[in-house]
file input-v8.cif (mmCIF, C-alpha atoms)
data_data
loop_
_atom_site.group_PDB
_atom_site.id
_atom_site.type_symbol
_atom_site.label_atom_id
_atom_site.label_comp_id
_atom_site.auth_asym_id
_atom_site.auth_seq_id
_atom_site.Cartn_x
_atom_site.Cartn_y
_atom_site.Cartn_z
ATOM 1 C CA MET A 17 5.748 8.212 0.493
ATOM 2 C CA THR A 18 9.408 8.933 -0.089
ATOM 3 C CA ASP A 19 8.415 11.454 -2.769
ATOM 4 C CA ALA A 20 6.477 13.527 -0.234
ATOM 5 C CA LEU A 21 9.392 13.396 2.198
ATOM 6 C CA THR A 22 11.838 14.299 -0.567
ATOM 7 C CA ARG A 23 9.682 17.300 -1.507
ATOM 8 C CA LEU A 24 9.435 18.343 2.131
ATOM 9 C CA ALA A 25 13.212 18.147 2.569
ATOM 10 C CA ALA A 26 13.749 20.155 -0.637
ATOM 11 C CA THR A 27 11.271 22.813 0.479
ATOM 12 C CA ILE A 28 12.987 23.162 3.849
ATOM 13 C CA GLU A 29 16.392 23.410 2.158
ATOM 14 C CA ALA A 30 15.051 26.089 -0.202
ATOM 15 C CA ARG A 31 13.689 28.097 2.710
ATOM 16 C CA LYS A 32 17.067 28.271 4.464
ATOM 17 C CA GLY A 33 17.779 31.612 2.825
ATOM 18 C CA ALA A 34 14.223 32.930 2.915
ATOM 19 C CA ASP A 35 12.993 35.913 4.886
ATOM 20 C CA PRO A 36 12.050 34.849 8.430
ATOM 21 C CA ASP A 37 9.163 37.328 8.294
ATOM 22 C CA THR A 38 7.544 35.413 5.430
ATOM 23 C CA SER A 39 8.600 31.806 6.079
ATOM 24 C CA TRP A 40 7.966 29.769 9.218
ATOM 25 C CA THR A 41 10.798 27.429 8.238
ATOM 26 C CA ALA A 42 13.226 30.328 7.800
ATOM 27 C CA ARG A 43 12.081 31.726 11.143
ATOM 28 C CA LEU A 44 12.786 28.427 12.901
ATOM 29 C CA LEU A 45 16.178 28.066 11.221
ATOM 30 C CA SER A 46 17.134 31.648 12.075
ATOM 31 C CA LYS A 47 16.843 30.774 15.767
ATOM 32 C CA GLY A 48 19.629 28.225 15.478
ATOM 33 C CA PRO A 49 20.037 24.465 15.787
ATOM 34 C CA GLU A 50 19.346 24.424 19.508
ATOM 35 C CA LYS A 51 15.921 26.018 19.062
ATOM 36 C CA THR A 52 15.038 23.682 16.181
ATOM 37 C CA ALA A 53 15.960 20.739 18.420
ATOM 38 C CA GLU A 54 13.798 22.128 21.213
ATOM 39 C CA LYS A 55 10.853 22.537 18.835
ATOM 40 C CA PHE A 56 11.328 18.982 17.549
ATOM 41 C CA GLY A 57 11.251 17.739 21.133
ATOM 42 C CA GLU A 58 8.038 19.626 21.861
ATOM 43 C CA GLU A 59 6.372 18.113 18.820
ATOM 44 C CA ALA A 60 7.596 14.620 19.742
ATOM 45 C CA VAL A 61 6.074 14.966 23.207
ATOM 46 C CA GLU A 62 2.773 16.083 21.665
ATOM 47 C CA ALA A 63 2.809 12.988 19.434
ATOM 48 C CA ILE A 64 3.500 10.778 22.456
ATOM 49 C CA ILE A 65 0.550 12.297 24.298
ATOM 50 C CA GLU A 66 -1.784 11.614 21.368
ATOM 51 C CA ALA A 67 -0.455 8.050 21.040
ATOM 52 C CA VAL A 68 -1.215 7.413 24.714
ATOM 53 C CA LYS A 69 -4.679 8.980 24.393
ATOM 54 C CA GLY A 70 -5.427 6.823 21.364
ATOM 55 C CA ASP A 71 -6.709 9.664 19.185
ATOM 56 C CA ARG A 72 -5.752 8.430 15.717
ATOM 57 C CA ALA A 73 -6.472 11.681 13.865
ATOM 58 C CA ALA A 74 -4.595 13.799 16.404
ATOM 59 C CA LEU A 75 -1.664 11.376 16.383
ATOM 60 C CA THR A 76 -1.549 11.529 12.586
ATOM 61 C CA ALA A 77 -1.440 15.333 12.670
ATOM 62 C CA GLU A 78 1.224 15.366 15.382
ATOM 63 C CA ALA A 79 3.288 12.767 13.514
ATOM 64 C CA ALA A 80 3.289 15.062 10.472
ATOM 65 C CA ASP A 81 4.481 17.902 12.720
ATOM 66 C CA VAL A 82 7.224 15.649 14.113
ATOM 67 C CA LEU A 83 8.474 14.780 10.626
ATOM 68 C CA TYR A 84 8.485 18.426 9.560
ATOM 69 C CA HIS A 85 10.347 19.560 12.672
ATOM 70 C CA LEU A 86 12.786 16.638 12.413
ATOM 71 C CA PHE A 87 13.649 17.748 8.888
ATOM 72 C CA VAL A 88 14.082 21.363 10.029
ATOM 73 C CA MET A 89 16.365 20.213 12.848
ATOM 74 C CA LEU A 90 18.407 18.131 10.413
ATOM 75 C CA ALA A 91 18.660 21.071 8.004
ATOM 76 C CA ALA A 92 19.898 23.279 10.833
ATOM 77 C CA ARG A 93 22.869 20.915 11.144
ATOM 78 C CA ASP A 94 23.263 20.320 7.392
ATOM 79 C CA VAL A 95 22.172 16.682 7.620
ATOM 80 C CA THR A 96 20.249 15.736 4.493
ATOM 81 C CA LEU A 97 17.468 13.265 3.899
ATOM 82 C CA ALA A 98 19.943 11.400 1.690
ATOM 83 C CA ASP A 99 22.286 11.094 4.689
ATOM 84 C CA VAL A 100 19.518 9.615 6.828
ATOM 85 C CA LEU A 101 18.335 7.273 4.075
ATOM 86 C CA ALA A 102 21.904 6.061 3.526
ATOM 87 C CA GLU A 103 22.162 5.247 7.225
ATOM 88 C CA LEU A 104 18.862 3.362 7.117
ATOM 89 C CA GLU A 105 20.059 1.419 4.078
ATOM 90 C CA ARG A 106 23.311 0.612 5.872
ATOM 91 C CA ARG A 107 21.295 -0.846 8.743
ATOM 92 C CA GLU A 108 18.829 -2.711 6.524
ATOM 93 C CA GLY A 109 18.814 -6.431 7.128
ATOM 94 C CA THR A 110 20.565 -6.071 10.467
ATOM 95 C CA SER A 111 18.781 -7.086 13.628
ATOM 96 C CA GLY A 112 17.987 -4.102 15.816
ATOM 97 C CA ILE A 113 19.549 -5.953 18.710
ATOM 98 C CA ALA A 114 22.755 -6.613 16.728
ATOM 99 C CA GLU A 115 22.877 -3.038 15.413
ATOM 100 C CA LYS A 116 22.533 -1.587 18.916
ATOM 101 C CA ALA A 117 25.245 -3.938 20.234
ATOM 102 C CA SER A 118 27.652 -2.722 17.532
ATOM 103 C CA ARG A 119 27.574 0.864 18.821
#
call {"tool": "encode", "arguments": {"input": "input-v8.cif", "output": "structure tokens"}}
result
Amino acid sequence: MTDALTRLAATIEARKGADPDTSWTARLLSKGPEKTAEKFGEEAVEAIIEAVKGDRAALTAEAADVLYHLFVMLAARDVTLADVLAELERREGTSGIAEKASR
């Protein structure tokens, strides 16, 4: 699984300098971090709707969209997959309740 996410992150990073007329990723990034965040939010809401409806196939498709748009949003702010994975590793083994209390 991590390999697919690593490839996705690398593809998005590579598209940062691409022509927005030929790359959807470049087009999203050219609109700025605020727009990428808005698009991520839209996709998250669509995933929530499918989760509530109980449509497994639609939720799977929307979840893939959410991951893609999350990675684009992160790239717009120069946050890498490695950064996110390091944070997850830092939290590993810590109770969610304890981690939240430490903030």
call {"tool": "atom_distance", "arguments": {"input": "input-v8.cif", "atom1": "atom CA of Glu105 of chain A", "atom2": "atom CA of Gly57 of chain A"}}
result
25.2 Å
call {"tool": "residues_around", "arguments": {"input": "input-v8.cif", "residues": "segment 94-101 of chain A", "least_positions_apart": "5", "cutoff": "12 Å", "atoms": "only C-alpha atoms", "output": "list in words"}}
result
Thr18, Asp19, Ala20, Leu21, Thr22, Arg23, Leu24, Ala25, Ala26, Thr27, Ile28, Glu29, Lys32, Leu45, Gly48, Pro49, Leu83, Tyr84, Leu86, Phe87, Val88, Met89, Arg106, Arg107 and Glu108 of chain A
call {"tool": "residues_around", "arguments": {"input": "input-v8.cif", "residues": "Leu75 of chain A", "least_positions_apart": "2", "cutoff": "9 Å", "atoms": "all atoms listed in the file", "output": "ChimeraX atom specification"}}
result
/A:62-67,69-73,77-80
call {"tool": "atom_distance", "arguments": {"input": "input-v8.cif", "atom1": "atom CA of Pro36 of chain A", "atom2": "atom CA of Ala60 of chain A"}}
result
23.6 Å
call {"tool": "atom_distance", "arguments": {"input": "input-v8.cif", "atom1": "atom CA of Leu90 of chain A", "atom2": "atom CA of Val68 of chain A"}}
result
26.5 Å
call {"tool": "closest_residue", "arguments": {"input": "input-v8.cif", "among": "A:Arg93, A:Arg31, A:His85, A:Arg119", "to": "Arg43 of chain A", "atoms": "only C-alpha atoms"}}
result
A:Arg31
call {"tool": "closest_residue", "arguments": {"input": "input-v8.cif", "among": "A:Gly112, A:Ser39, A:Val82, A:Gly33", "to": "Val61 of chain A", "atoms": "only C-alpha atoms"}}
result
A:Val82
call {"tool": "closest_residue", "arguments": {"input": "input-v8.cif", "among": "A:Ala114, A:Leu104, A:Ala92, A:Gly109", "to": "Lys51 of chain A", "atoms": "only C-alpha atoms"}}
result
A:Ala92
call {"tool": "closest_residue", "arguments": {"input": "input-v8.cif", "among": "A:Ala74, A:Asp81, A:Ala91, A:Glu58", "to": "Ser46 of chain A", "atoms": "all atoms listed in the file"}}
result
A:Ala91
